[in-house]
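This report concerns only the one structure given below.
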Amino acid sequence: MRVEFRLSGSGGQGLLLAGITLAEAAIYAGKNAVQTQSYGPEARGGSSKAEVVISDEEIDYPKATDPDFLLALTNDAYKTYGPMMAKGLIITDTSVTLDPAIKARTVALPILSSAAEKVGKKVVANMVALGVLGGLSGVAPKEILKKAVVARVPKGTDELNVKALEVGLELAAQSGAASK
Amino acid sequence: MAEFLDYFRKERLPHIWCPGCGHGTVTGALVRAIDRLGLDKNNIVLVSGIGCSSRAVGYLDFDTLHTAHGRALAFATGIKHASPNLKVIVMTGDGDCTAIGGNHFIHAARRNIDITTIVMNNSIYGMTSGQYSPTTPHGMLATTAPYGNVEYDFDVCGLAKAAGASYVARATSYHVTLLIDLIEKALQNKGFSVVEALTQCPTYFGRKNKLGGAVETLNWIKDRTVNVKAAAALSPDKLEGKLLIGELYSGQRPEYTASYGEMTAKVQRTYNDYKGGNRGCELNSD
Amino acid sequence: MAETIKLMQGNEACTMGALAAGLQFYAGYPITPSTEIAEMCSEELPKGGGKFIQMEDEIGSIAACIGASLTGKKSMTATSGPGFSLMQECIGYASLCEIPVVIVNCQRMGPSTGMPTSPAQGDVMQARWGTHGDHSVIVLAPGNVKECFELTFKAFELSEKYRVPTFVLTDEVIGHMREKVVMPDPKSYKMPQRAQPSTPAGYKPFEADPDGGVPLMAPFGKGYRWHCTGLFHDETGGPTGKPAKADALLRRLDRKITKNIDEFTDYFAEGLEGCDVAVVSFGSSAMAALSAVRRARKEGKRVGMLRLKTLWPFPDAAVRKLTASAKKIIVPEMNLGQVALEVERVVHGSAEVVKLGKVNGELFHPDEVYAALKEAF
């Protein structure tokens, strides 16, 4: 089965790294994965989008065509990609203002604030988001997600990032929006 | 005489240069300097760009590379960096080196890469029949400066020094002994060396500017120059409009290939089990 | 080390392919979206004793690569449109002087500065005809990350064997996307080796069979003392203006590639047998195309896919074969119909060629190709 993710927010939030780690976790779990991105000239700020397609079968087209999960961490990202959502679930940060015109199923989770408050570092919001996506999609079990995080993040920051992942997984479990 | 001909590809002679051209003199000076130092013919690569001067390498019996216009130093940089044991010499002209190749020139100097560059400066584009170049003096005539050159000329040596060359010298095709001495020193410098050789183009520069024939054009060049040692005793008004000849700069700076080699050695101590082909570390992500 | 599975980026795979082929020298200039290749080479090459240099521009980059190659080192540079334009001068030099060099062109939207972070495939014709004068080059086009590795490796094999500039034409999507790749055991690579003469005695640097022979290349600094010039030259390397010599040289350079075309023509084919409609594409456009073709086939449509991995010399025979059954050939590409022109030339009216060009800086969506397929039936 093909599962598509779109991770959107602003440049510098580390969504690309979250996408790469998600794809690697899927590979560790024995699946196929492709990760793509689109980006502008800004290294920080501006809009940022990463996509991950995970499948048990060969992936012929690498981009998300009808995402199963949209992560939107900023109002801009929500407004840009929210309206395109059909069958999938939108996951926003609680700081995002929801628009009743966007009809897709939506869950708002305190991703940015949890990173700051529960983990103690705003910069690990991407790993919180990864936990949320991993938890809600079930594309890889917790232990494999952990392994992928440790393999990707800078040495010495493993503990912090794994903690962020766990916070994200918890948010996913509490949201009641997990896939069966 | 005979032994110097051994440095030439005799089957390629006679050369294409005009009677009275100074390029042969400069080429002869290079060969004599190489001979004096007893450098191994098989270990020398001569590189040139495009233009009258750049034809020199084709007549010489080394590994020789006649490249694209202005690119000699970029090709030479690849040769020297890839195979630092080779002695790399560039023969180039004023247009080749300082107009179309100006960017490569200043960056080769900045890197202080161990290349000896002989700039054969005749202040004209001879191969294309006499257009003004970046070293044509202000007011002189050329086929594209029929009313006199509006632009001002480069000080090639000043440019080389400012950009980082560690050996800079100037001579002329009149001051042949000096020229040989300076090339010899340049060849011994471990770093980017520039020897500017002012040479006469009687066919285009001399004739267009009504300087007379080869001898008069050569004298005109001679009269523009003052030896750097003599200059020390002269008042500024006596030096007005004169070009200094002699060794203009010699200094010590880290040489590019040596520095790269040191870095490589350090890296290899860290990755001494590296076998190539498979990347252990991951690419950074954003 | 056995085979390994990893998530790999296209640009990373190009670098790995080059290293596997024995890359020893890289000169380049930063340009999006190819820069990761330069970054990786700067990190990897010193570990194996290779050399990296960041030159002052792309002209200098290709020139330095040619210089390094003349001393016997396997050399590569990578760039994108604006840099590829600057390299054209010395591509002609390498082609005429038969100096092996590999260039990865990770295409972006052009012309001019264009859209630096957006994919395009507008350099197909430039890759073949970019420098002045008739000249020989080989151009390969990976369709996924794994092929970035394989075809860069192959580019070195071909470049060294035929002494010809060889290009790997990717694009922003393929260069930047990450995909699961099963990397072969490095021990299984057969590293390409340049054929060299055995003695300087009587060496003529450009002596070869007039019918497409490849002369033996002596590295500089080994006592051969040969002359290399961008002027037309005879067998000895000396410049020549003789019409017969000039004619023989240019024809041999052309022939040495065209006569061996079968050896390196490569493509991916699916469902072409008896198809009514064929889709011809390459690179990242072919991903959307294949997705659409498979969807149509599931619905019972007789449609096949030909994805070109060799772009130049153009694989005439493979395309001509399509006309055995296909009445229509759809060519999706991120340009205004460059490969389609070649397809039209080859099929010569025996099938209708539908140009499906996309030039908005976005990758095709499978629906777009599917819509064209539906219309074709």
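Every chain in the structure tokens has a letter given in the order shown (A, B, ...), and although residue numbers restart at 1 in each chain, ligands are simply numbered from 1 in the order shown.
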For chain B, list the residues within 8 Å of chain C, counting only C-alpha atoms, and write the list as an MDAnalysis selection string. chainID B and resid 12 41:45 58 61:68 71 74:83 86 103:104 107 263:264 267:268 271:272 274:279 283
Expected file contents, prior selection, C-alpha atoms, as a PDB file, in the first residue's frame:
ATOM      1  CA  ARG B  12      57.657  21.780 -36.810  1.00  0.00           C
ATOM      2  CA  LYS B  41      62.423  17.455 -20.352  1.00  0.00           C
ATOM      3  CA  ASN B  42      60.057  14.600 -19.585  1.00  0.00           C
ATOM      4  CA  ASN B  43      58.786  16.238 -16.449  1.00  0.00           C
ATOM      5  CA  ILE B  44      57.834  19.591 -17.960  1.00  0.00           C
ATOM      6  CA  VAL B  45      54.416  20.491 -19.303  1.00  0.00           C
ATOM      7  CA  GLY B  58      53.935  23.719 -30.450  1.00  0.00           C
ATOM      8  CA  ASP B  61      59.853  19.343 -27.340  1.00  0.00           C
ATOM      9  CA  PHE B  62      57.969  18.768 -24.084  1.00  0.00           C
ATOM     10  CA  ASP B  63      54.468  17.603 -23.284  1.00  0.00           C
ATOM     11  CA  THR B  64      52.697  20.641 -24.685  1.00  0.00           C
ATOM     12  CA  LEU B  65      49.133  21.822 -24.455  1.00  0.00           C
ATOM     13  CA  HIS B  66      47.739  24.503 -26.725  1.00  0.00           C
ATOM     14  CA  THR B  67      44.376  25.237 -25.124  1.00  0.00           C
ATOM     15  CA  ALA B  68      41.463  27.614 -25.650  1.00  0.00           C
ATOM     16  CA  ARG B  71      42.213  29.246 -20.463  1.00  0.00           C
ATOM     17  CA  ALA B  74      42.897  26.969 -15.794  1.00  0.00           C
ATOM     18  CA  PHE B  75      44.152  23.919 -17.729  1.00  0.00           C
ATOM     19  CA  ALA B  76      47.544  24.336 -16.065  1.00  0.00           C
ATOM     20  CA  THR B  77      45.899  24.477 -12.644  1.00  0.00           C
ATOM     21  CA  GLY B  78      44.253  21.125 -13.348  1.00  0.00           C
ATOM     22  CA  ILE B  79      47.561  19.610 -14.461  1.00  0.00           C
ATOM     23  CA  LYS B  80      49.526  20.893 -11.499  1.00  0.00           C
ATOM     24  CA  HIS B  81      46.854  20.045  -8.935  1.00  0.00           C
ATOM     25  CA  ALA B  82      46.318  16.542 -10.343  1.00  0.00           C
ATOM     26  CA  SER B  83      50.019  15.796 -10.749  1.00  0.00           C
ATOM     27  CA  LEU B  86      55.173  17.979 -12.958  1.00  0.00           C
ATOM     28  CA  ASN B 103      39.992  35.934 -14.079  1.00  0.00           C
ATOM     29  CA  HIS B 104      42.050  32.747 -14.265  1.00  0.00           C
ATOM     30  CA  HIS B 107      42.917  33.350  -9.180  1.00  0.00           C
ATOM     31  CA  MET B 263      45.346  18.746   4.238  1.00  0.00           C
ATOM     32  CA  THR B 264      45.071  15.422   2.386  1.00  0.00           C
ATOM     33  CA  VAL B 267      42.461  13.636   6.295  1.00  0.00           C
ATOM     34  CA  GLN B 268      44.020  10.311   5.367  1.00  0.00           C
ATOM     35  CA  TYR B 271      40.332   7.854   7.296  1.00  0.00           C
ATOM     36  CA  ASN B 272      43.245   5.521   6.790  1.00  0.00           C
ATOM     37  CA  TYR B 274      39.296   4.417   3.169  1.00  0.00           C
ATOM     38  CA  LYS B 275      38.935   2.188   0.133  1.00  0.00           C
ATOM     39  CA  GLY B 276      36.857   4.450  -2.073  1.00  0.00           C
ATOM     40  CA  GLY B 277      33.447   3.915  -3.560  1.00  0.00           C
ATOM     41  CA  ASN B 278      31.255   3.717  -0.513  1.00  0.00           C
ATOM     42  CA  ARG B 279      30.384   6.617   1.653  1.00  0.00           C
ATOM     43  CA  LEU B 283      25.003  13.948   3.558  1.00  0.00           C
TER      44      LEU B 283
END
I'd like to know which residues of chain A are helix (DSSP H, G or I) (by DSSP, run on the backbone); could you write them as number ranges by chain? A: 15-28, 75-84, 111-119, 122-137, 142-152, 158-175
Store the residues picked out above, limited to C-alpha atoms, as a PDB file, in the first residue's frame.
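The resulting file, part.pdb, is reproduced below:
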ATOM      1  CA  LEU A  15      11.117  19.374   8.024  1.00  0.00           C
ATOM      2  CA  LEU A  16      13.446  18.033   5.385  1.00  0.00           C
ATOM      3  CA  LEU A  17      15.380  16.148   8.039  1.00  0.00           C
ATOM      4  CA  ALA A  18      12.102  14.864   9.486  1.00  0.00           C
ATOM      5  CA  GLY A  19      11.091  13.633   6.027  1.00  0.00           C
ATOM      6  CA  ILE A  20      14.433  11.949   5.412  1.00  0.00           C
ATOM      7  CA  THR A  21      14.299  10.247   8.801  1.00  0.00           C
ATOM      8  CA  LEU A  22      10.771   9.036   8.162  1.00  0.00           C
ATOM      9  CA  ALA A  23      11.858   7.593   4.824  1.00  0.00           C
ATOM     10  CA  GLU A  24      14.853   5.902   6.408  1.00  0.00           C
ATOM     11  CA  ALA A  25      12.693   4.411   9.137  1.00  0.00           C
ATOM     12  CA  ALA A  26      10.455   2.949   6.451  1.00  0.00           C
ATOM     13  CA  ILE A  27      13.488   1.403   4.757  1.00  0.00           C
ATOM     14  CA  TYR A  28      14.646  -0.079   8.061  1.00  0.00           C
ATOM     15  CA  ASN A  75      -0.582  29.319   8.742  1.00  0.00           C
ATOM     16  CA  ASP A  76       0.922  29.787   5.292  1.00  0.00           C
ATOM     17  CA  ALA A  77       1.551  26.082   4.857  1.00  0.00           C
ATOM     18  CA  TYR A  78      -1.964  25.246   6.060  1.00  0.00           C
ATOM     19  CA  LYS A  79      -3.552  27.748   3.685  1.00  0.00           C
ATOM     20  CA  THR A  80      -1.430  26.587   0.750  1.00  0.00           C
ATOM     21  CA  TYR A  81      -1.751  22.832   1.086  1.00  0.00           C
ATOM     22  CA  GLY A  82      -4.857  22.390   3.248  1.00  0.00           C
ATOM     23  CA  PRO A  83      -7.333  23.068   0.451  1.00  0.00           C
ATOM     24  CA  MET A  84      -5.699  20.357  -1.721  1.00  0.00           C
ATOM     25  CA  ILE A 111       3.952  20.320  18.257  1.00  0.00           C
ATOM     26  CA  LEU A 112       5.962  23.548  18.521  1.00  0.00           C
ATOM     27  CA  SER A 113       5.110  24.246  22.161  1.00  0.00           C
ATOM     28  CA  SER A 114       5.771  20.653  23.233  1.00  0.00           C
ATOM     29  CA  ALA A 115       9.240  20.878  21.760  1.00  0.00           C
ATOM     30  CA  ALA A 116       9.925  24.015  23.759  1.00  0.00           C
ATOM     31  CA  GLU A 117       8.219  22.984  26.964  1.00  0.00           C
ATOM     32  CA  LYS A 118       8.398  19.202  27.250  1.00  0.00           C
ATOM     33  CA  VAL A 119      11.757  18.652  25.543  1.00  0.00           C
ATOM     34  CA  LYS A 122      12.367  24.552  20.097  1.00  0.00           C
ATOM     35  CA  VAL A 123      14.666  23.214  17.375  1.00  0.00           C
ATOM     36  CA  VAL A 124      13.574  19.621  17.931  1.00  0.00           C
ATOM     37  CA  ALA A 125      10.004  20.385  16.830  1.00  0.00           C
ATOM     38  CA  ASN A 126      10.836  18.462  13.642  1.00  0.00           C
ATOM     39  CA  MET A 127      11.448  15.295  15.640  1.00  0.00           C
ATOM     40  CA  VAL A 128       8.238  15.849  17.596  1.00  0.00           C
ATOM     41  CA  ALA A 129       6.519  16.120  14.220  1.00  0.00           C
ATOM     42  CA  LEU A 130       8.222  12.919  13.103  1.00  0.00           C
ATOM     43  CA  GLY A 131       6.871  11.159  16.184  1.00  0.00           C
ATOM     44  CA  VAL A 132       3.396  12.424  15.403  1.00  0.00           C
ATOM     45  CA  LEU A 133       3.573  11.272  11.770  1.00  0.00           C
ATOM     46  CA  GLY A 134       5.131   7.946  12.666  1.00  0.00           C
ATOM     47  CA  GLY A 135       2.579   7.334  15.389  1.00  0.00           C
ATOM     48  CA  LEU A 136      -0.445   8.312  13.341  1.00  0.00           C
ATOM     49  CA  SER A 137       0.573   6.483  10.180  1.00  0.00           C
ATOM     50  CA  LYS A 142       8.652   3.034  17.664  1.00  0.00           C
ATOM     51  CA  GLU A 143      11.962   1.165  17.957  1.00  0.00           C
ATOM     52  CA  ILE A 144      12.709   1.552  14.276  1.00  0.00           C
ATOM     53  CA  LEU A 145      11.805   5.249  14.326  1.00  0.00           C
ATOM     54  CA  LYS A 146      14.228   5.624  17.218  1.00  0.00           C
ATOM     55  CA  LYS A 147      16.974   3.847  15.317  1.00  0.00           C
ATOM     56  CA  ALA A 148      16.419   6.112  12.318  1.00  0.00           C
ATOM     57  CA  VAL A 149      16.571   9.231  14.489  1.00  0.00           C
ATOM     58  CA  VAL A 150      19.798   8.190  16.166  1.00  0.00           C
ATOM     59  CA  ALA A 151      21.359   7.392  12.795  1.00  0.00           C
ATOM     60  CA  ARG A 152      20.506  10.802  11.333  1.00  0.00           C
ATOM     61  CA  ASP A 158      20.631  11.665  20.171  1.00  0.00           C
ATOM     62  CA  GLU A 159      19.046  11.783  23.576  1.00  0.00           C
ATOM     63  CA  LEU A 160      17.355  15.108  23.027  1.00  0.00           C
ATOM     64  CA  ASN A 161      16.035  14.059  19.623  1.00  0.00           C
ATOM     65  CA  VAL A 162      14.817  10.671  20.815  1.00  0.00           C
ATOM     66  CA  LYS A 163      12.989  12.401  23.636  1.00  0.00           C
ATOM     67  CA  ALA A 164      11.350  14.707  21.100  1.00  0.00           C
ATOM     68  CA  LEU A 165      10.337  11.692  19.036  1.00  0.00           C
ATOM     69  CA  GLU A 166       8.755  10.100  22.094  1.00  0.00           C
ATOM     70  CA  VAL A 167       6.853  13.292  22.891  1.00  0.00           C
ATOM     71  CA  GLY A 168       5.535  13.233  19.333  1.00  0.00           C
ATOM     72  CA  LEU A 169       4.513   9.601  19.556  1.00  0.00           C
ATOM     73  CA  GLU A 170       2.649  10.415  22.758  1.00  0.00           C
ATOM     74  CA  LEU A 171       0.836  13.327  21.098  1.00  0.00           C
ATOM     75  CA  ALA A 172      -0.193  10.955  18.331  1.00  0.00           C
ATOM     76  CA  ALA A 173      -1.497   8.350  20.794  1.00  0.00           C
ATOM     77  CA  GLN A 174      -3.500  10.932  22.719  1.00  0.00           C
ATOM     78  CA  SER A 175      -4.980  12.508  19.592  1.00  0.00           C
TER      79      SER A 175
END
Can you pull out the residues contacting Phe84 (chain C)? Cut-off 9 Å, using only C-alpha atoms, and skip same-chain residues under 5 positions away; I want them as a PyMOL selection string. chain C and resi 58-59+78-79+103+105+123+126-127+130
Please produce a file of the residues just selected, as a short mmCIF file (atom, residue, chain, number, x, y, z; two decimals), in the first residue's frame, where the atoms kept are N, CA and C atoms.
data_model
loop_
_atom_site.label_atom_id
_atom_site.label_comp_id
_atom_site.auth_asym_id
_atom_site.auth_seq_id
_atom_site.Cartn_x
_atom_site.Cartn_y
_atom_site.Cartn_z
N GLU C 58 32.88 28.14 -14.21
CA GLU C 58 32.70 26.83 -14.84
C GLU C 58 33.63 26.63 -16.02
N ILE C 59 34.06 27.72 -16.62
CA ILE C 59 35.03 27.59 -17.72
C ILE C 59 36.31 27.01 -17.14
N ALA C 78 30.52 18.88 -12.17
CA ALA C 78 29.05 18.86 -12.18
C ALA C 78 28.57 20.29 -12.19
N THR C 79 27.42 20.51 -12.82
CA THR C 79 26.93 21.86 -12.96
C THR C 79 25.44 21.84 -13.27
N ILE C 103 30.80 15.05 -17.26
CA ILE C 103 30.09 16.21 -16.72
C ILE C 103 28.69 15.78 -16.31
N ASN C 105 25.18 17.24 -15.56
CA ASN C 105 24.37 18.46 -15.66
C ASN C 105 23.04 18.19 -14.98
N ASP C 123 17.87 21.10 -21.56
CA ASP C 123 19.25 21.11 -22.06
C ASP C 123 19.56 19.92 -22.96
N GLN C 126 21.11 21.19 -26.13
CA GLN C 126 22.39 21.83 -25.78
C GLN C 126 23.46 20.77 -25.48
N ALA C 127 23.04 19.71 -24.80
CA ALA C 127 23.99 18.66 -24.46
C ALA C 127 24.59 18.04 -25.72
N GLY C 130 25.71 21.86 -28.07
CA GLY C 130 26.00 23.12 -27.40
C GLY C 130 27.26 23.82 -27.85
#
Contact residues (chain A, partner chain C, 9 Å, only C-alpha atoms) as number ranges by chain: A: 20, 23-24, 27-28, 31-41, 59-63, 65
Polymer residues at most 10 Å from Ile221 (chain B), only C-alpha atoms, same-chain spacing of 2 or more positions, as a list in words: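 The residues that qualify are Asn122, Thr172, Ser173, Tyr174, Leu198, Thr199, Gln200, Val215, Glu216, Thr217, Leu218, Asn219, Asp223, Arg224, Thr225, Lys242 and Leu243 of chain B.
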Next, dump the selected residues to file, keeping only C-alpha atoms, as a compact mmCIF listing (two decimals), in the first residue's frame.
# COMPACT_ATOMS: atom_id res chain seq x y z
CA ASN B 122 53.39 42.99 -27.24
CA THR B 172 61.98 42.76 -22.48
CA SER B 173 63.06 41.02 -25.63
CA TYR B 174 65.82 43.64 -25.75
CA LEU B 198 57.69 43.05 -23.24
CA THR B 199 58.12 42.10 -26.87
CA GLN B 200 57.85 43.87 -30.17
CA VAL B 215 64.60 47.45 -34.48
CA GLU B 216 62.86 50.77 -33.92
CA THR B 217 59.92 49.08 -32.21
CA LEU B 218 62.32 47.21 -29.96
CA ASN B 219 64.13 50.46 -29.16
CA ASP B 223 63.27 53.40 -23.96
CA ARG B 224 60.07 52.85 -22.00
CA THR B 225 61.89 50.83 -19.36
CA LYS B 242 58.42 54.27 -17.48
CA LEU B 243 58.05 50.57 -16.81
CA of Met305 (chain C) and CA of Val137 (chain C), how far apart in Å?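 CA of Met305 (chain C) lies 25.9 Å from CA of Val137 (chain C).
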If you measure from CA of Gly93 (chain B) to CA of Asn112 (chain B), what distance in Å do you get, rounded to one decimal? 19.8 Å
When you look at Met334 (chain C) with a cut-off of 6 Å (counting only C-alpha atoms), what residues show up, excluding the ones that are within fewer than 5 positions of it in the same chain? I need them as a ChimeraX atom specification. /C:120-121,357-359
Selection above as a file: C-alpha atoms, as a PDB file, in the first residue's frame:
ATOM      1  CA  ALA C 120      13.478  21.143 -16.225  1.00  0.00           C
ATOM      2  CA  GLN C 121      14.812  19.120 -19.138  1.00  0.00           C
ATOM      3  CA  GLY C 357       5.835  19.673 -23.039  1.00  0.00           C
ATOM      4  CA  LYS C 358       5.811  21.122 -19.553  1.00  0.00           C
ATOM      5  CA  VAL C 359       7.749  24.289 -18.789  1.00  0.00           C
TER       6      VAL C 359
END
By how many Å are CA of Tyr162 (chain C) and CA of Gly283 (chain C) apart?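 The value is 24.2 Å.
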Residues near Asp68 (chain A), cut-off 10 Å, only C-alpha atoms, skip fewer than 4 positions along chain, as number ranges by chain: A: 2-6, 53, 64, 85-90, 137
Give me the residues near region 96-100 of chain B as number ranges by chain, where near means some atom within 8 Å (using only C-alpha atoms) and where sequence neighbours in that chain fewer than 5 positions away do not count. B: 49-51, 69-71, 105, 119, 133-134, 156
Enumerate, as an MDAnalysis selection string, the complete set of residues in region 43-273 of chain B that a backbone-based DSSP assignment places in strand (DSSP E). chainID B and resid 44:48 63:66 87:93 115:121 167:172 193:198 225:227 243:250
Output for the residues just chosen: C-alpha atoms as a CSV table (one decimal), in the first residue's frame:
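Okay, selection27.csv is ready:
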chain,number,residue,atom,x,y,z
B,44,ILE,CA,57.8,19.6,-18.0
B,45,VAL,CA,54.4,20.5,-19.3
B,46,LEU,CA,54.1,23.7,-21.3
B,47,VAL,CA,50.6,25.1,-21.6
B,48,SER,CA,49.4,28.0,-23.7
B,63,ASP,CA,54.5,17.6,-23.3
B,64,THR,CA,52.7,20.6,-24.7
B,65,LEU,CA,49.1,21.8,-24.5
B,66,HIS,CA,47.7,24.5,-26.7
B,87,LYS,CA,56.9,21.3,-13.7
B,88,VAL,CA,54.2,23.4,-15.3
B,89,ILE,CA,55.0,26.4,-17.4
B,90,VAL,CA,52.4,28.7,-19.1
B,91,MET,CA,53.2,30.8,-22.1
B,92,THR,CA,50.6,33.4,-22.8
B,93,GLY,CA,50.1,36.8,-24.3
B,115,ILE,CA,53.1,27.5,-12.1
B,116,THR,CA,55.6,29.7,-14.0
B,117,THR,CA,53.8,32.1,-16.3
B,118,ILE,CA,55.6,33.9,-19.1
B,119,VAL,CA,53.4,36.8,-20.3
B,120,MET,CA,54.6,37.8,-23.8
B,121,ASN,CA,53.3,41.3,-23.9
B,167,TYR,CA,57.5,35.9,-7.7
B,168,VAL,CA,57.0,38.8,-10.1
B,169,ALA,CA,59.5,40.2,-12.6
B,170,ARG,CA,59.6,42.1,-15.9
B,171,ALA,CA,62.1,42.2,-18.7
B,172,THR,CA,62.0,42.8,-22.5
B,193,SER,CA,55.6,33.1,-10.7
B,194,VAL,CA,55.0,35.7,-13.4
B,195,VAL,CA,57.6,37.0,-15.8
B,196,GLU,CA,56.3,39.7,-18.1
B,197,ALA,CA,58.3,39.9,-21.2
B,198,LEU,CA,57.7,43.1,-23.2
B,225,THR,CA,61.9,50.8,-19.4
B,226,VAL,CA,64.1,51.5,-16.4
B,227,ASN,CA,65.9,48.9,-14.4
B,243,LEU,CA,58.0,50.6,-16.8
B,244,LEU,CA,60.4,49.0,-14.3
B,245,ILE,CA,62.3,45.9,-15.3
B,246,GLY,CA,64.1,43.4,-13.1
B,247,GLU,CA,62.9,41.4,-10.1
B,248,LEU,CA,59.8,43.4,-8.8
B,249,TYR,CA,58.7,41.1,-6.1
B,250,SER,CA,59.8,37.9,-4.4
